[in-house]
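J.: I have a structure I would like to understand better, so I am pasting it below and will then ask my questions one at a time.
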Amino acid sequence: MTESWRYAAVHLGYTEISVVATGGALERPKESVGSAFATVEGGRLVFGRTDVGGEVPPLLCIDDPSIAVGSSVWDRGDVLLGIVWSALQGAGVHDRLDVLEIAYPSIWGEDRSSTVRAVFADSANEVVLVETADAAVASSGERAPSAAVVVEVGALDTSVLVVDPSGAYGGDTGVIVSFGVGDDDAWSRAVGDYLRSSVSRCPDEVFVVAPSTGGLDPLAERSGLDSDAHRSTRWLTGLDIARALYRRAGADVDPVPAVRAATTRSAAWLDDVTASPTRRRQGRPSRRLALAAGAAVAAVSLCAAMYFASTTPETVDAAAVQPFSPIAEPGVTSSPAIEPPPPPASSDPAPPVETATFVAGRASLRLPETWSRSDDADRMVLIPPTPPERRIVVTVADLTPGSTQAQVAADLRVAVDARGPDSTIGSLEDATDFGGRIGIAYTETPADDSTVLWRVFVESDLQVSIGCQFEGYDSAVIDAECGQATQTLEIVPAS
């Protein structure tokens with residue numbers, strides 16, 4: 001049995017600390033929202049109290065080595081550790097973590113984020129820092145926009161960031177407006193004024209991160225943000241940010257078993273990267289973001305969104321053959337493989353849908369041209385433009401010359417058996433007829449309420465795995481495209 005590990009995603013808010021944490025491979029995540037204030041009772045710091053009228057939010061004092069609480073002064077590290085660990089304990093975390101991922105206010109910059117890293121260095125084997133703006137955009141998952149406006153409503157002021165890494169809207173920029181959570185809609189009007197007057201090309205997607213307390217109603221119309229009909233505004237709390245970190249990190253995973261040591265990545269719906277507490281994460285280069293407050297201009301660093309990454313070899317042999325999800329969940333039983341039904345006969349056929357060719361190495365397939373692709377080092381992910389949530393994952397692996405489908409199927413079966421009774425893999429069939437094309441079939445049921453129908457084909461010393469993934473257990477939402485991908489698959493012979 002693999003050893004479990006502990007992960008927690010934390011959002012630092014000025015008035016509340018939000019946590020999503022897992023205590024092991026077979027545990028569902030637990031959530032907690034705690035107070036970001038501290039008070040003093042009997043000469044001791046006390047955390048988790050919401051009735052602390054008059055106290056200054058400690059996170060506003062992040063620059064000061066000492067923080068005033070009540071009538072006395074306390075070490076900054078003790079105060080910050082106390083408010084965060086109070087929220088962590090609310091989510092069932094009481095011991096040192098393997099990975100602690102923290103989303104902090106995007107305007108803080110490198111000095112303040114370094115302070116946070118130092119304060120929590122002993123709380124986890126690895127401390128990962130992410131700007132709230134990055135986590136907000138990532139909350140949309142695979143449909144996250146390439147550029148967006150992120151509004152972070154603070155205790156005393158509000159930051160407005162145009163997150164535009166590609167430069168399509170003029171690049172990263174922003175402002176700090178002097179209205180915070182207690183100023184009713186003043187901050188919203190100020191944000192709207194700034195966007196209209198100072199951002200010539202404004203992204204259509206807007207994310208607003210605001211406390212869950214303080215009277216803010218995410219469903220209410222905001223004069224400064226929602227007045228433009230073409231603009232999409234999504235309202236997020238700190239807990240939504242923590243959930244986004246948790247999902248993106250693939251935090252349900254357990255340490256990668258030896259049988260997967262050289263496999264390609266998982267198909268788990270939001271497990272876009274494979275996590276292991278023993279492997280370090282690589283971040284993309286930081287970018288500079290200029291923010292103006294009145295006539296003053298300050299530069300802050302917009303840090304990279306960091307992913308749990310695992311390395312894979314350049315080639316995969318027949319003994320390490322398929323991207324099993326590293327997620328296991330008790331009580332989840334494997335569903336039988338579901339094959340698409342034959343298309344119904346029609347006397348008036350619909351006009352053909354325009355298609356596009358998607359290429360991964362020596363393999364290519366066709367899907368409707370409205371689909372888009374997202375790549376990483378190990379797989380090609382094909383995504384439709386509209387719900388319901390579904391996608392097609394394609395992995396390509398070079399095999400030992402002369403490998404056969406029977407050998408690959410045998411290796412797959414060994415790998416499945418090695419995962420034990422809690423495996424998310426089931427219904428493995430060595431040879432299945434997919435409309436005249438013979439391949440290996442099995443079903444994967446990650447712990448995210450999705451189902452993946454895998455079709456594995458071996459040809460010309462190449463293994464091509466097509467994973468048709470959809471939410472729930474009804475494959476009808478993806479049957480047509482899954483069949484199309486299978487029938488149009490072409491493999492270029494090895495040279």
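Ligands are numbered from 1 in the order shown, residues from 1 within each chain, and chains are lettered A, B, ... in the order they appear in the structure tokens.
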Within segment 100-252 of chain A, find each residue whose DSSP state, derived from the backbone, is alpha helix (DSSP H), and express the selection as number ranges by chain.
T.: A: 109-119, 132-138, 186-198, 238-249
J.: Find the spatial neighbours of Ala356 of chain A, counting only C-alpha atoms, within a cut-off of 10 Å - ignore same-chain residues fewer than 2 positions away - and output them as a short mmCIF file (atom, residue, chain, number, x, y, z; two decimals) with all heavy atoms, in the first residue's frame.
T.:
data_model
loop_
_atom_site.label_atom_id
_atom_site.label_comp_id
_atom_site.auth_asym_id
_atom_site.auth_seq_id
_atom_site.Cartn_x
_atom_site.Cartn_y
_atom_site.Cartn_z
N VAL A 353 -20.21 18.06 -41.07
CA VAL A 353 -19.59 19.03 -40.18
C VAL A 353 -18.13 19.21 -40.59
O VAL A 353 -17.41 18.22 -40.80
CB VAL A 353 -19.68 18.57 -38.71
CG1 VAL A 353 -18.97 19.55 -37.79
CG2 VAL A 353 -21.14 18.41 -38.31
N GLU A 354 -17.70 20.45 -40.73
CA GLU A 354 -16.31 20.72 -41.07
C GLU A 354 -15.40 20.20 -39.96
O GLU A 354 -15.69 20.36 -38.78
CB GLU A 354 -16.09 22.21 -41.26
CG GLU A 354 -16.82 22.81 -42.44
CD GLU A 354 -16.33 22.24 -43.77
OE1 GLU A 354 -15.12 21.93 -43.86
OE2 GLU A 354 -17.13 22.10 -44.70
N PHE A 358 -5.86 16.99 -36.01
CA PHE A 358 -5.03 17.21 -34.82
C PHE A 358 -3.93 16.16 -34.82
O PHE A 358 -4.20 14.96 -34.95
CB PHE A 358 -5.88 17.11 -33.55
CG PHE A 358 -6.97 18.14 -33.47
CD1 PHE A 358 -8.25 17.87 -33.95
CD2 PHE A 358 -6.72 19.38 -32.93
CE1 PHE A 358 -9.26 18.81 -33.89
CE2 PHE A 358 -7.73 20.35 -32.86
CZ PHE A 358 -9.00 20.06 -33.35
N VAL A 359 -2.69 16.61 -34.69
CA VAL A 359 -1.53 15.74 -34.84
C VAL A 359 -0.76 15.65 -33.53
O VAL A 359 -0.52 16.67 -32.86
CB VAL A 359 -0.60 16.27 -35.96
CG1 VAL A 359 0.61 15.35 -36.12
CG2 VAL A 359 -1.36 16.39 -37.27
N LEU A 365 -5.68 12.57 -35.98
CA LEU A 365 -7.10 12.24 -36.02
C LEU A 365 -7.87 13.51 -36.34
O LEU A 365 -7.34 14.62 -36.29
CB LEU A 365 -7.57 11.60 -34.72
CG LEU A 365 -7.30 12.34 -33.40
CD1 LEU A 365 -8.31 13.43 -33.14
CD2 LEU A 365 -7.28 11.37 -32.24
N ARG A 366 -9.16 13.32 -36.68
CA ARG A 366 -9.98 14.46 -37.06
C ARG A 366 -11.17 14.59 -36.11
O ARG A 366 -11.76 13.60 -35.68
CB ARG A 366 -10.47 14.32 -38.50
CG ARG A 366 -9.33 14.27 -39.52
CD ARG A 366 -9.86 14.27 -40.94
NE ARG A 366 -10.50 15.53 -41.28
CZ ARG A 366 -9.87 16.63 -41.66
NH1 ARG A 366 -8.53 16.62 -41.76
NH2 ARG A 366 -10.52 17.74 -41.96
N LEU A 367 -11.50 15.85 -35.79
CA LEU A 367 -12.65 16.19 -34.96
C LEU A 367 -13.27 17.47 -35.53
O LEU A 367 -12.66 18.13 -36.37
CB LEU A 367 -12.23 16.41 -33.50
CG LEU A 367 -11.90 15.17 -32.67
CD1 LEU A 367 -11.34 15.58 -31.32
CD2 LEU A 367 -13.14 14.29 -32.50
N PRO A 368 -14.47 17.85 -35.08
CA PRO A 368 -15.05 19.10 -35.56
C PRO A 368 -14.08 20.27 -35.39
O PRO A 368 -13.37 20.37 -34.38
CB PRO A 368 -16.29 19.27 -34.67
CG PRO A 368 -16.69 17.86 -34.35
CD PRO A 368 -15.40 17.12 -34.18
N GLU A 369 -14.05 21.15 -36.39
CA GLU A 369 -13.07 22.23 -36.37
C GLU A 369 -13.28 23.22 -35.23
O GLU A 369 -12.40 24.03 -34.93
CB GLU A 369 -13.11 22.97 -37.70
CG GLU A 369 -14.41 23.71 -37.97
CD GLU A 369 -14.38 24.49 -39.28
OE1 GLU A 369 -13.31 24.47 -39.93
OE2 GLU A 369 -15.39 25.11 -39.63
N THR A 370 -14.44 23.14 -34.58
CA THR A 370 -14.70 24.03 -33.44
C THR A 370 -13.96 23.58 -32.19
O THR A 370 -13.88 24.34 -31.22
CB THR A 370 -16.20 24.09 -33.14
OG1 THR A 370 -16.69 22.75 -32.95
CG2 THR A 370 -16.96 24.75 -34.29
N TRP A 371 -13.44 22.36 -32.18
CA TRP A 371 -12.69 21.89 -31.02
C TRP A 371 -11.31 22.54 -31.01
O TRP A 371 -10.76 22.91 -32.06
CB TRP A 371 -12.54 20.36 -31.06
CG TRP A 371 -13.78 19.63 -30.64
CD1 TRP A 371 -15.05 19.83 -31.12
CD2 TRP A 371 -13.89 18.58 -29.68
NE1 TRP A 371 -15.93 18.98 -30.51
CE2 TRP A 371 -15.24 18.19 -29.62
CE3 TRP A 371 -12.96 17.92 -28.88
CZ2 TRP A 371 -15.71 17.18 -28.78
CZ3 TRP A 371 -13.41 16.92 -28.04
CH2 TRP A 371 -14.76 16.56 -27.99
N SER A 372 -10.74 22.67 -29.83
CA SER A 372 -9.40 23.24 -29.69
C SER A 372 -8.51 22.25 -28.96
O SER A 372 -8.98 21.29 -28.36
CB SER A 372 -9.46 24.56 -28.92
OG SER A 372 -10.01 24.37 -27.64
#
J.: Quick one: residues within 8 Å of segment 194-205 of chain A, only C-alpha atoms, excluding same-chain residues fewer than 5 positions away - as a ChimeraX atom specification?
T.: /A:145,147-149,162,169-170,175,230-234
J.: Keeping all heavy atoms for every residue in the selection just given, could you write it to a file as a compact mmCIF listing (two decimals), in the first residue's frame?
T.:
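Wrote again_39.txt, looks like this:
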# COMPACT_ATOMS: atom_id res chain seq x y z
N PRO A 145 -9.68 31.71 -19.79
CA PRO A 145 -9.34 32.63 -20.88
C PRO A 145 -7.85 32.92 -20.92
O PRO A 145 -7.15 32.81 -19.91
CB PRO A 145 -10.14 33.88 -20.53
CG PRO A 145 -10.29 33.83 -19.04
CD PRO A 145 -10.43 32.37 -18.71
N ALA A 147 -6.66 35.82 -21.44
CA ALA A 147 -6.49 37.12 -20.79
C ALA A 147 -7.78 37.44 -20.04
O ALA A 147 -8.87 37.03 -20.44
CB ALA A 147 -6.18 38.21 -21.82
N ALA A 148 -7.65 38.17 -18.94
CA ALA A 148 -8.82 38.48 -18.13
C ALA A 148 -8.52 39.65 -17.21
O ALA A 148 -7.36 40.00 -16.98
CB ALA A 148 -9.25 37.26 -17.29
N VAL A 149 -9.58 40.25 -16.69
CA VAL A 149 -9.48 41.25 -15.63
C VAL A 149 -9.76 40.55 -14.31
O VAL A 149 -10.74 39.82 -14.19
CB VAL A 149 -10.49 42.39 -15.85
CG1 VAL A 149 -10.43 43.38 -14.68
CG2 VAL A 149 -10.23 43.10 -17.16
N VAL A 162 -5.18 43.57 -15.12
CA VAL A 162 -5.39 43.01 -16.43
C VAL A 162 -4.31 41.95 -16.63
O VAL A 162 -3.13 42.28 -16.77
CB VAL A 162 -5.32 44.07 -17.54
CG1 VAL A 162 -5.47 43.42 -18.92
CG2 VAL A 162 -6.41 45.11 -17.33
N TYR A 169 -3.80 42.25 -25.30
CA TYR A 169 -4.57 43.41 -24.85
C TYR A 169 -3.65 44.51 -24.31
O TYR A 169 -4.07 45.33 -23.51
CB TYR A 169 -5.58 43.00 -23.80
CG TYR A 169 -6.66 42.10 -24.32
CD1 TYR A 169 -6.48 40.72 -24.37
CD2 TYR A 169 -7.86 42.62 -24.82
CE1 TYR A 169 -7.46 39.89 -24.88
CE2 TYR A 169 -8.84 41.80 -25.32
CZ TYR A 169 -8.64 40.43 -25.35
OH TYR A 169 -9.61 39.60 -25.87
N GLY A 170 -2.43 44.49 -24.73
CA GLY A 170 -1.48 45.52 -24.31
C GLY A 170 -0.57 45.09 -23.18
O GLY A 170 0.26 45.87 -22.73
N VAL A 175 -4.26 48.71 -11.47
CA VAL A 175 -4.39 49.90 -10.64
C VAL A 175 -4.86 49.47 -9.27
O VAL A 175 -5.43 48.39 -9.10
CB VAL A 175 -5.39 50.90 -11.28
CG1 VAL A 175 -6.80 50.37 -11.16
CG2 VAL A 175 -5.30 52.28 -10.65
N HIS A 230 -21.69 42.49 -23.10
CA HIS A 230 -20.79 41.49 -23.68
C HIS A 230 -19.79 40.96 -22.67
O HIS A 230 -19.08 40.00 -22.95
CB HIS A 230 -20.02 42.11 -24.86
CG HIS A 230 -19.03 43.15 -24.43
ND1 HIS A 230 -19.40 44.45 -24.13
CD2 HIS A 230 -17.68 43.09 -24.23
CE1 HIS A 230 -18.32 45.15 -23.80
NE2 HIS A 230 -17.27 44.36 -23.83
N ARG A 231 -19.73 41.57 -21.50
CA ARG A 231 -18.70 41.19 -20.54
C ARG A 231 -19.23 40.13 -19.58
O ARG A 231 -20.32 40.23 -19.05
CB ARG A 231 -18.24 42.43 -19.77
CG ARG A 231 -17.11 42.17 -18.80
CD ARG A 231 -16.39 43.44 -18.47
NE ARG A 231 -15.71 43.95 -19.64
CZ ARG A 231 -15.50 45.25 -19.88
NH1 ARG A 231 -15.95 46.15 -19.04
NH2 ARG A 231 -14.86 45.63 -20.95
N SER A 232 -18.42 39.11 -19.35
CA SER A 232 -18.78 38.02 -18.45
C SER A 232 -18.06 38.21 -17.13
O SER A 232 -16.83 38.26 -17.09
CB SER A 232 -18.39 36.67 -19.07
OG SER A 232 -18.54 35.62 -18.15
N THR A 233 -18.84 38.35 -16.04
CA THR A 233 -18.25 38.57 -14.72
C THR A 233 -18.50 37.35 -13.85
O THR A 233 -19.64 36.93 -13.68
CB THR A 233 -18.85 39.81 -14.05
OG1 THR A 233 -18.64 40.94 -14.89
CG2 THR A 233 -18.19 40.06 -12.70
N ARG A 234 -17.43 36.81 -13.29
CA ARG A 234 -17.54 35.65 -12.40
C ARG A 234 -17.10 36.07 -11.01
O ARG A 234 -16.01 36.62 -10.83
CB ARG A 234 -16.67 34.51 -12.91
CG ARG A 234 -16.78 33.26 -12.04
CD ARG A 234 -16.01 32.10 -12.62
NE ARG A 234 -16.12 30.93 -11.77
CZ ARG A 234 -15.48 29.78 -11.99
NH1 ARG A 234 -14.72 29.66 -13.05
NH2 ARG A 234 -15.62 28.77 -11.17
J.: When distances are computed from only C-alpha atoms, which of A:Val130, A:Val206, A:Ile107, A:Val464 shows the smallest separation from Trp235 of chain A?
T.: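 The shortest atom-to-atom distance to Trp235 of chain A comes from A:Val206.
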J.: Mind giving me the straight-line distance from atom CA of Gly23 of chain A to atom CA of Gly82 of chain A in Å, one decimal?
T.: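 Value for the atom CA of Gly23 of chain A-atom CA of Gly82 of chain A distance: 20.2 Å.
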J.: Determine the nearest neighbour of Glu31 of chain A from the options A:Asp378, A:Asp184, A:Asp240, A:Glu55, counting only C-alpha atoms.
T.: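 Among A:Asp378, A:Asp184, A:Asp240, A:Glu55, it is A:Asp240 that comes nearest to Glu31 of chain A.
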J.: Please provide the set of residues having any atom within 7 Å of Val69 of chain A, restricted to only C-alpha atoms, with same-chain residues fewer than 5 positions apart removed, written as a ChimeraX atom specification.
T.: /A:38-40,55,74
J.: Next, dump the selected residues to file, keeping only N, CA, C and O atoms, as a compact mmCIF listing (two decimals), in the first residue's frame.
T.:
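Wrote it out as again05.txt, contents follow:
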# COMPACT_ATOMS: atom_id res chain seq x y z
N ALA A 38 -6.69 38.25 14.83
CA ALA A 38 -6.17 37.70 16.08
C ALA A 38 -6.60 38.61 17.22
O ALA A 38 -6.90 39.79 17.01
N THR A 39 -6.65 38.06 18.41
CA THR A 39 -6.96 38.85 19.60
C THR A 39 -6.13 38.31 20.75
O THR A 39 -5.42 37.32 20.60
N VAL A 40 -6.20 38.96 21.87
CA VAL A 40 -5.40 38.57 23.03
C VAL A 40 -6.33 38.32 24.21
O VAL A 40 -7.20 39.14 24.52
N GLU A 55 -9.93 45.54 15.77
CA GLU A 55 -8.61 44.99 15.47
C GLU A 55 -8.26 45.22 14.00
O GLU A 55 -9.12 45.15 13.11
N TRP A 74 3.30 41.78 18.87
CA TRP A 74 3.69 40.38 18.73
C TRP A 74 4.51 40.17 17.48
O TRP A 74 4.42 40.93 16.52
J.: Mind checking which residues fall within 6 Å of Cys468 of chain A, counting only C-alpha atoms, ignoring those fewer than 2 positions away in the same chain, and posting them as a short mmCIF file (atom, residue, chain, number, x, y, z; two decimals) with N, CA and C atoms, in the first residue's frame?
T.:
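Ended up saving to around.cif:
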data_model
loop_
_atom_site.label_atom_id
_atom_site.label_comp_id
_atom_site.auth_asym_id
_atom_site.auth_seq_id
_atom_site.Cartn_x
_atom_site.Cartn_y
_atom_site.Cartn_z
N ILE A 392 -11.36 14.84 -25.10
CA ILE A 392 -10.67 13.65 -25.60
C ILE A 392 -9.19 13.83 -25.34
N VAL A 452 -13.82 7.86 -18.03
CA VAL A 452 -12.97 7.87 -19.22
C VAL A 452 -13.05 6.51 -19.90
N LEU A 453 -13.41 6.52 -21.16
CA LEU A 453 -13.41 5.31 -21.97
C LEU A 453 -12.12 5.31 -22.78
N CYS A 482 -16.10 10.56 -30.02
CA CYS A 482 -15.21 9.46 -29.68
C CYS A 482 -15.09 8.50 -30.86
#
J.: Here is a test: counting only C-alpha atoms, which residue of A:Thr50, A:Ser123, A:Ser212, A:Ser146 is nearest to Leu80 of chain A?
T.: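 Using only C-alpha atoms, the shortest distance to Leu80 of chain A belongs to A:Ser123.
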